[in-house]
Amino acid sequence: MIDDTDLSHLNRCVELAQLALDEGDQPFGSLIISQDGRVLFEDRNRISGGDHTQHPEFAIARWAANNLSESDRKHAVVYTSGEHCAMCSAAHGWVGLGRIVYASSTEQFTQWQNELGAPAGPVRALSINEVIPDTPVDGPAEALTERIRAMHVAYHHRHA
């Protein structure tokens with residue numbers, strides 16, 4: 001269940017997604033919160049340079065592996081504007097991070113891409129729990145759906 005605290009962090013993720021869009025990247029933003037509620041690290045999508053592994057969720061997994069204990073990783077919460085792709089879900093699972101809260105789902109993103117006539121990506125679109133089934137996941141946050149969809153439409157129109 002997504003509460004007001006979750007929604008506050010998701011709003012920051014949407015701000016990071018907008019920053020990514022403004023810089024020419026796909027609009028995705030993410031952050032990781034400690035067990036006591038501190039923002040530990042945040043990032044945005046950075047794929048415009050050609051490296052399509054530069055997702056913020058993947059950056060969070062790398063950062064957490066290098067900076068947090070196993071226990072801290074397990075009790076951390078990752079917030080993201082869009083549900084993790086399979087690559088990022090796997091990284092999340094391998095690093096042993098805790099709960100994930102997302103604003104928009106893979107299903108929504110896939111639907112939007114189809115409506116826009118965008119080509120399918122090279123990796124199958126899977127939900128987080130199809131990749132890491134024991135991870136607690138909450139989302140989507142319906143209150144943010146239209147803002148996120150609008151960013152993806154804008155990205156598509158700029159890059160079509």
# chains A, B, ... in the order shown; residues from 1 in each chain; ligands from 1
call {"tool": "closest_atom_pairs", "arguments": {"of": "stretch 14-115 of chain A", "to": "stretch 138-159 of chain A", "cutoff": "12 Å", "atoms": "only C-alpha atoms", "output": "CSV"}}
result
residue,atom,partner,partner_atom,distance
A:Val14,CA,A:Ile148,CA,7.1
A:Glu15,CA,A:Ile148,CA,10.1
A:Leu16,CA,A:Ile148,CA,11.3
A:Ala17,CA,A:Met151,CA,8.1
A:Gln18,CA,A:Met151,CA,7.1
A:Leu19,CA,A:Met151,CA,10.5
A:Ala20,CA,A:Met151,CA,9.9
A:Leu21,CA,A:Tyr155,CA,6.6
A:Asp22,CA,A:Tyr155,CA,9.2
A:Glu23,CA,A:Tyr155,CA,10.5
A:Gly24,CA,A:Tyr155,CA,7.8
A:Asp25,CA,A:Tyr155,CA,7.8
A:Gln26,CA,A:Tyr155,CA,6.3
A:Pro27,CA,A:Met151,CA,6.3
A:Phe28,CA,A:Ile148,CA,8.9
A:Gly29,CA,A:Ile148,CA,10.7
A:Ser48,CA,A:His159,CA,10.7
A:Val77,CA,A:Asp138,CA,10.8
A:Val78,CA,A:Asp138,CA,10.5
A:Tyr79,CA,A:Asp138,CA,9.6
A:Thr80,CA,A:Gly139,CA,9.8
A:Ser81,CA,A:Ile148,CA,7.5
A:Gly82,CA,A:Ile148,CA,8.4
A:Glu83,CA,A:Gly139,CA,8.0
A:His84,CA,A:Gly139,CA,11.2
A:Gly98,CA,A:Asp138,CA,11.6
A:Arg99,CA,A:Asp138,CA,7.9
A:Ile100,CA,A:Asp138,CA,6.4
A:Val101,CA,A:Asp138,CA,4.8
A:Tyr102,CA,A:Gly139,CA,5.0
A:Ala103,CA,A:Ala141,CA,4.6
A:Ser104,CA,A:Pro140,CA,4.8
A:Ser105,CA,A:Pro140,CA,5.6
A:Thr106,CA,A:Pro140,CA,9.3
A:Glu107,CA,A:Pro140,CA,9.9
A:Gln108,CA,A:Arg149,CA,8.5
A:Phe109,CA,A:Arg149,CA,7.9
A:Thr110,CA,A:His152,CA,10.9
A:Gln111,CA,A:Arg149,CA,10.2
A:Trp112,CA,A:Arg149,CA,7.2
A:Gln113,CA,A:His152,CA,8.2
A:Asn114,CA,A:His156,CA,11.2
A:Glu115,CA,A:Val153,CA,9.6
call {"tool": "write_last_selection", "arguments": {"atoms": "N, CA and C atoms", "output": "tab-separated table (two decimals), in the first residue's frame"}}
result
chain	number	residue	atom	x	y	z
A	14	VAL	N	9.65	11.57	-9.81
A	14	VAL	CA	9.07	12.20	-11.01
A	14	VAL	C	9.86	13.46	-11.36
A	15	GLU	N	10.29	14.22	-10.36
A	15	GLU	CA	11.15	15.39	-10.62
A	15	GLU	C	12.45	14.96	-11.30
A	16	LEU	N	13.05	13.87	-10.81
A	16	LEU	CA	14.28	13.35	-11.42
A	16	LEU	C	14.01	12.87	-12.85
A	17	ALA	N	12.85	12.27	-13.07
A	17	ALA	CA	12.48	11.83	-14.42
A	17	ALA	C	12.36	13.03	-15.34
A	18	GLN	N	11.78	14.12	-14.85
A	18	GLN	CA	11.67	15.34	-15.66
A	18	GLN	C	13.05	15.89	-15.98
A	19	LEU	N	13.96	15.85	-15.02
A	19	LEU	CA	15.34	16.28	-15.27
A	19	LEU	C	15.97	15.42	-16.36
A	20	ALA	N	15.75	14.12	-16.30
A	20	ALA	CA	16.27	13.23	-17.33
A	20	ALA	C	15.71	13.63	-18.70
A	21	LEU	N	14.41	13.84	-18.76
A	21	LEU	CA	13.78	14.24	-20.02
A	21	LEU	C	14.38	15.55	-20.51
A	22	ASP	N	14.55	16.51	-19.63
A	22	ASP	CA	15.13	17.80	-20.00
A	22	ASP	C	16.54	17.66	-20.55
A	23	GLU	N	17.27	16.61	-20.13
A	23	GLU	CA	18.64	16.36	-20.59
A	23	GLU	C	18.69	15.42	-21.80
A	24	GLY	N	17.52	15.05	-22.33
A	24	GLY	CA	17.48	14.21	-23.52
A	24	GLY	C	17.41	12.73	-23.26
A	25	ASP	N	17.22	12.35	-22.00
A	25	ASP	CA	17.14	10.94	-21.64
A	25	ASP	C	15.69	10.52	-21.46
A	26	GLN	N	15.45	9.20	-21.49
A	26	GLN	CA	14.11	8.71	-21.16
A	26	GLN	C	13.78	9.14	-19.74
A	27	PRO	N	12.52	9.48	-19.49
A	27	PRO	CA	12.14	10.04	-18.19
A	27	PRO	C	11.96	9.00	-17.09
A	28	PHE	N	13.05	8.67	-16.45
A	28	PHE	CA	13.04	7.78	-15.29
A	28	PHE	C	13.92	8.39	-14.21
A	29	GLY	N	13.45	8.32	-12.97
A	29	GLY	CA	14.23	8.79	-11.83
A	29	GLY	C	13.97	7.89	-10.64
A	48	SER	N	21.29	8.68	-22.93
A	48	SER	CA	21.48	9.44	-24.17
A	48	SER	C	22.90	9.35	-24.71
A	77	VAL	N	14.54	1.11	1.12
A	77	VAL	CA	13.41	1.14	0.17
A	77	VAL	C	13.87	1.90	-1.06
A	78	VAL	N	13.60	1.32	-2.23
A	78	VAL	CA	13.90	1.97	-3.49
A	78	VAL	C	12.59	2.51	-4.07
A	79	TYR	N	12.62	3.78	-4.42
A	79	TYR	CA	11.48	4.44	-5.06
A	79	TYR	C	11.87	4.77	-6.49
A	80	THR	N	10.93	4.61	-7.40
A	80	THR	CA	11.25	4.86	-8.79
A	80	THR	C	10.02	5.31	-9.56
A	81	SER	N	10.26	6.14	-10.55
A	81	SER	CA	9.15	6.67	-11.35
A	81	SER	C	8.52	5.58	-12.21
A	82	GLY	N	9.30	4.60	-12.60
A	82	GLY	CA	8.80	3.51	-13.43
A	82	GLY	C	9.29	2.18	-12.90
A	83	GLU	N	8.44	1.17	-12.96
A	83	GLU	CA	8.81	-0.16	-12.48
A	83	GLU	C	10.12	-0.61	-13.13
A	84	HIS	N	10.96	-1.24	-12.35
A	84	HIS	CA	12.25	-1.73	-12.83
A	84	HIS	C	12.09	-2.60	-14.08
A	98	GLY	N	15.75	-4.11	-0.42
A	98	GLY	CA	14.42	-4.40	0.12
A	98	GLY	C	13.29	-3.94	-0.79
A	99	ARG	N	12.27	-3.41	-0.19
A	99	ARG	CA	11.03	-3.02	-0.85
A	99	ARG	C	11.27	-2.05	-2.02
A	100	ILE	N	10.43	-2.19	-3.05
A	100	ILE	CA	10.42	-1.29	-4.19
A	100	ILE	C	9.04	-0.67	-4.28
A	101	VAL	N	9.01	0.64	-4.49
A	101	VAL	CA	7.75	1.36	-4.71
A	101	VAL	C	7.89	2.11	-6.02
A	102	TYR	N	6.95	1.89	-6.93
A	102	TYR	CA	7.04	2.56	-8.23
A	102	TYR	C	5.78	3.33	-8.55
A	103	ALA	N	5.97	4.39	-9.35
A	103	ALA	CA	4.85	5.25	-9.72
A	103	ALA	C	4.08	4.71	-10.92
A	104	SER	N	4.79	4.20	-11.92
A	104	SER	CA	4.12	3.64	-13.10
A	104	SER	C	4.65	2.23	-13.34
A	105	SER	N	3.79	1.38	-13.87
A	105	SER	CA	4.13	-0.03	-14.04
A	105	SER	C	4.72	-0.34	-15.41
A	106	THR	N	5.34	-1.49	-15.49
A	106	THR	CA	5.82	-1.99	-16.77
A	106	THR	C	4.65	-2.16	-17.74
A	107	GLU	N	3.54	-2.64	-17.23
A	107	GLU	CA	2.35	-2.82	-18.07
A	107	GLU	C	1.89	-1.48	-18.65
A	108	GLN	N	1.86	-0.44	-17.84
A	108	GLN	CA	1.48	0.88	-18.32
A	108	GLN	C	2.47	1.38	-19.37
A	109	PHE	N	3.76	1.27	-19.06
A	109	PHE	CA	4.80	1.73	-19.98
A	109	PHE	C	4.69	1.02	-21.32
A	110	THR	N	4.50	-0.29	-21.27
A	110	THR	CA	4.36	-1.07	-22.51
A	110	THR	C	3.15	-0.61	-23.31
A	111	GLN	N	2.06	-0.36	-22.62
A	111	GLN	CA	0.85	0.12	-23.30
A	111	GLN	C	1.10	1.48	-23.95
A	112	TRP	N	1.75	2.38	-23.22
A	112	TRP	CA	2.05	3.71	-23.78
A	112	TRP	C	2.95	3.59	-25.00
A	113	GLN	N	3.97	2.75	-24.91
A	113	GLN	CA	4.88	2.57	-26.04
A	113	GLN	C	4.13	2.03	-27.26
A	114	ASN	N	3.25	1.07	-27.02
A	114	ASN	CA	2.45	0.52	-28.12
A	114	ASN	C	1.56	1.58	-28.74
A	115	GLU	N	0.90	2.39	-27.91
A	115	GLU	CA	0.04	3.46	-28.41
A	115	GLU	C	0.82	4.46	-29.25
call {"tool": "atom_distance", "arguments": {"atom1": "atom CA of A:Leu31", "atom2": "atom CA of A:Pro122"}}
result
25.1 Å
call {"tool": "closest_residue", "arguments": {"among": "A:Arg73, A:Arg124, A:His55, A:His92", "to": "A:Asp43", "atoms": "only C-alpha atoms"}}
result
A:His55
call {"tool": "select_by_dssp", "arguments": {"residues": "chain A", "states": "strand (DSSP E)", "output": "number ranges by chain"}}
result
A: 29-33, 39-44, 77-82, 100-104, 137-138
call {"tool": "select_by_dssp", "arguments": {"residues": "stretch 7-92 of chain A", "states": "helix (DSSP H, G or I)", "output": "ChimeraX atom specification"}}
result
/A:7-22,47-49,56-67,70-75,86-92
call {"tool": "write_last_selection", "arguments": {"atoms": "C-alpha atoms", "output": "mmCIF file, in the first residue's frame"}}
result
data_model
loop_
_atom_site.group_PDB
_atom_site.id
_atom_site.type_symbol
_atom_site.label_atom_id
_atom_site.label_comp_id
_atom_site.auth_asym_id
_atom_site.auth_seq_id
_atom_site.Cartn_x
_atom_site.Cartn_y
_atom_site.Cartn_z
ATOM 1 C CA LEU A 7 3.997 9.461 -2.487
ATOM 2 C CA SER A 8 6.380 12.212 -1.374
ATOM 3 C CA HIS A 9 9.395 10.118 -2.419
ATOM 4 C CA LEU A 10 7.699 9.150 -5.680
ATOM 5 C CA ASN A 11 7.127 12.825 -6.439
ATOM 6 C CA ARG A 12 10.897 13.353 -6.116
ATOM 7 C CA CYS A 13 11.393 10.466 -8.551
ATOM 8 C CA VAL A 14 9.069 12.199 -11.007
ATOM 9 C CA GLU A 15 11.151 15.386 -10.620
ATOM 10 C CA LEU A 16 14.280 13.355 -11.424
ATOM 11 C CA ALA A 17 12.476 11.829 -14.420
ATOM 12 C CA GLN A 18 11.668 15.336 -15.657
ATOM 13 C CA LEU A 19 15.339 16.281 -15.267
ATOM 14 C CA ALA A 20 16.270 13.229 -17.332
ATOM 15 C CA LEU A 21 13.780 14.242 -20.016
ATOM 16 C CA ASP A 22 15.132 17.803 -20.003
ATOM 17 C CA ILE A 47 21.084 6.595 -21.673
ATOM 18 C CA SER A 48 21.481 9.436 -24.174
ATOM 19 C CA GLY A 49 25.234 8.807 -24.357
ATOM 20 C CA PRO A 56 18.921 4.924 -12.206
ATOM 21 C CA GLU A 57 17.755 1.679 -10.574
ATOM 22 C CA PHE A 58 20.914 -0.077 -11.764
ATOM 23 C CA ALA A 59 23.014 2.832 -10.440
ATOM 24 C CA ILE A 60 21.264 2.489 -7.076
ATOM 25 C CA ALA A 61 22.064 -1.229 -6.933
ATOM 26 C CA ARG A 62 25.755 -0.548 -7.696
ATOM 27 C CA TRP A 63 25.876 2.287 -5.159
ATOM 28 C CA ALA A 64 24.201 0.169 -2.470
ATOM 29 C CA ALA A 65 26.565 -2.767 -3.073
ATOM 30 C CA ASN A 66 29.542 -0.464 -2.525
ATOM 31 C CA ASN A 67 28.200 1.646 0.333
ATOM 32 C CA GLU A 70 23.829 -6.378 3.795
ATOM 33 C CA SER A 71 21.386 -5.479 6.584
ATOM 34 C CA ASP A 72 21.107 -1.853 5.475
ATOM 35 C CA ARG A 73 20.417 -2.967 1.895
ATOM 36 C CA LYS A 74 17.721 -5.378 3.054
ATOM 37 C CA HIS A 75 15.931 -2.656 5.042
ATOM 38 C CA ALA A 86 14.372 -6.998 -15.983
ATOM 39 C CA MET A 87 18.026 -5.853 -15.873
ATOM 40 C CA CYS A 88 17.408 -3.511 -12.944
ATOM 41 C CA SER A 89 15.213 -6.033 -11.128
ATOM 42 C CA ALA A 90 18.003 -8.596 -11.359
ATOM 43 C CA ALA A 91 20.559 -6.091 -10.038
ATOM 44 C CA HIS A 92 18.195 -5.224 -7.175
#
call {"tool": "atom_distance", "arguments": {"atom1": "atom CA of A:Val95", "atom2": "atom CA of A:Ser69"}}
result
10.2 Å
call {"tool": "atom_distance", "arguments": {"atom1": "atom CA of A:Gln35", "atom2": "atom CA of A:Pro136"}}
result
14.7 Å
call {"tool": "closest_residue", "arguments": {"among": "A:Leu97, A:Asp4, A:Gln54, A:Phe41", "to": "A:Val137", "atoms": "only C-alpha atoms"}}
result
A:Leu97
call {"tool": "decode", "arguments": {"residues": "stretch 71-107 of chain A", "atoms": "N, CA and C atoms", "output": "short mmCIF file (atom, residue, chain, number, x, y, z; two decimals), in the first residue's frame"}}
result
data_model
loop_
_atom_site.label_atom_id
_atom_site.label_comp_id
_atom_site.auth_asym_id
_atom_site.auth_seq_id
_atom_site.Cartn_x
_atom_site.Cartn_y
_atom_site.Cartn_z
N SER A 71 22.58 -5.80 5.81
CA SER A 71 21.39 -5.48 6.58
C SER A 71 20.77 -4.15 6.14
N ASP A 72 21.61 -3.16 5.92
CA ASP A 72 21.11 -1.85 5.48
C ASP A 72 20.44 -1.96 4.11
N ARG A 73 21.02 -2.77 3.22
CA ARG A 73 20.42 -2.97 1.90
C ARG A 73 19.05 -3.63 2.03
N LYS A 74 18.97 -4.64 2.88
CA LYS A 74 17.72 -5.38 3.05
C LYS A 74 16.60 -4.49 3.58
N HIS A 75 16.94 -3.51 4.42
CA HIS A 75 15.93 -2.66 5.04
C HIS A 75 15.72 -1.34 4.30
N ALA A 76 16.45 -1.11 3.24
CA ALA A 76 16.28 0.11 2.45
C ALA A 76 15.05 -0.03 1.55
N VAL A 77 14.54 1.11 1.12
CA VAL A 77 13.41 1.14 0.17
C VAL A 77 13.87 1.90 -1.06
N VAL A 78 13.60 1.32 -2.23
CA VAL A 78 13.90 1.97 -3.49
C VAL A 78 12.59 2.51 -4.07
N TYR A 79 12.62 3.78 -4.42
CA TYR A 79 11.48 4.44 -5.06
C TYR A 79 11.87 4.77 -6.49
N THR A 80 10.93 4.61 -7.40
CA THR A 80 11.25 4.86 -8.79
C THR A 80 10.02 5.31 -9.56
N SER A 81 10.26 6.14 -10.55
CA SER A 81 9.15 6.67 -11.35
C SER A 81 8.52 5.58 -12.21
N GLY A 82 9.30 4.60 -12.60
CA GLY A 82 8.80 3.51 -13.43
C GLY A 82 9.29 2.18 -12.90
N GLU A 83 8.44 1.17 -12.96
CA GLU A 83 8.81 -0.16 -12.48
C GLU A 83 10.12 -0.61 -13.13
N HIS A 84 10.96 -1.24 -12.35
CA HIS A 84 12.25 -1.73 -12.83
C HIS A 84 12.09 -2.60 -14.08
N CYS A 85 13.02 -2.46 -15.00
CA CYS A 85 13.11 -3.41 -16.11
C CYS A 85 13.74 -4.70 -15.58
N ALA A 86 13.82 -5.72 -16.41
CA ALA A 86 14.37 -7.00 -15.98
C ALA A 86 15.83 -6.86 -15.53
N MET A 87 16.62 -6.05 -16.24
CA MET A 87 18.03 -5.85 -15.87
C MET A 87 18.14 -5.24 -14.48
N CYS A 88 17.34 -4.20 -14.23
CA CYS A 88 17.41 -3.51 -12.94
C CYS A 88 16.82 -4.36 -11.82
N SER A 89 15.77 -5.12 -12.12
CA SER A 89 15.21 -6.03 -11.13
C SER A 89 16.26 -7.05 -10.70
N ALA A 90 16.97 -7.61 -11.67
CA ALA A 90 18.00 -8.60 -11.36
C ALA A 90 19.10 -7.98 -10.49
N ALA A 91 19.53 -6.77 -10.84
CA ALA A 91 20.56 -6.09 -10.04
C ALA A 91 20.06 -5.87 -8.61
N HIS A 92 18.81 -5.44 -8.48
CA HIS A 92 18.19 -5.22 -7.17
C HIS A 92 18.24 -6.52 -6.35
N GLY A 93 17.84 -7.62 -7.00
CA GLY A 93 17.83 -8.91 -6.32
C GLY A 93 19.22 -9.39 -5.94
N TRP A 94 20.18 -9.28 -6.85
CA TRP A 94 21.53 -9.74 -6.56
C TRP A 94 22.17 -8.96 -5.43
N VAL A 95 21.86 -7.67 -5.32
CA VAL A 95 22.44 -6.84 -4.27
C VAL A 95 21.72 -7.04 -2.94
N GLY A 96 20.49 -7.54 -2.98
CA GLY A 96 19.74 -7.81 -1.75
C GLY A 96 19.02 -6.61 -1.19
N LEU A 97 18.54 -5.74 -2.08
CA LEU A 97 17.79 -4.58 -1.63
C LEU A 97 16.39 -4.98 -1.20
N GLY A 98 15.75 -4.11 -0.42
CA GLY A 98 14.42 -4.40 0.12
C GLY A 98 13.29 -3.94 -0.79
N ARG A 99 12.27 -3.41 -0.19
CA ARG A 99 11.03 -3.02 -0.85
C ARG A 99 11.27 -2.05 -2.02
N ILE A 100 10.43 -2.19 -3.05
CA ILE A 100 10.42 -1.29 -4.19
C ILE A 100 9.04 -0.67 -4.28
N VAL A 101 9.01 0.64 -4.49
CA VAL A 101 7.75 1.36 -4.71
C VAL A 101 7.89 2.11 -6.02
N TYR A 102 6.95 1.89 -6.93
CA TYR A 102 7.04 2.56 -8.23
C TYR A 102 5.78 3.33 -8.55
N ALA A 103 5.97 4.39 -9.35
CA ALA A 103 4.85 5.25 -9.72
C ALA A 103 4.08 4.71 -10.92
N SER A 104 4.79 4.20 -11.92
CA SER A 104 4.12 3.64 -13.10
C SER A 104 4.65 2.23 -13.34
N SER A 105 3.79 1.38 -13.87
CA SER A 105 4.13 -0.03 -14.04
C SER A 105 4.72 -0.34 -15.41
N THR A 106 5.34 -1.49 -15.49
CA THR A 106 5.82 -1.99 -16.77
C THR A 106 4.65 -2.16 -17.74
N GLU A 107 3.54 -2.64 -17.23
CA GLU A 107 2.35 -2.82 -18.07
C GLU A 107 1.89 -1.48 -18.65
#
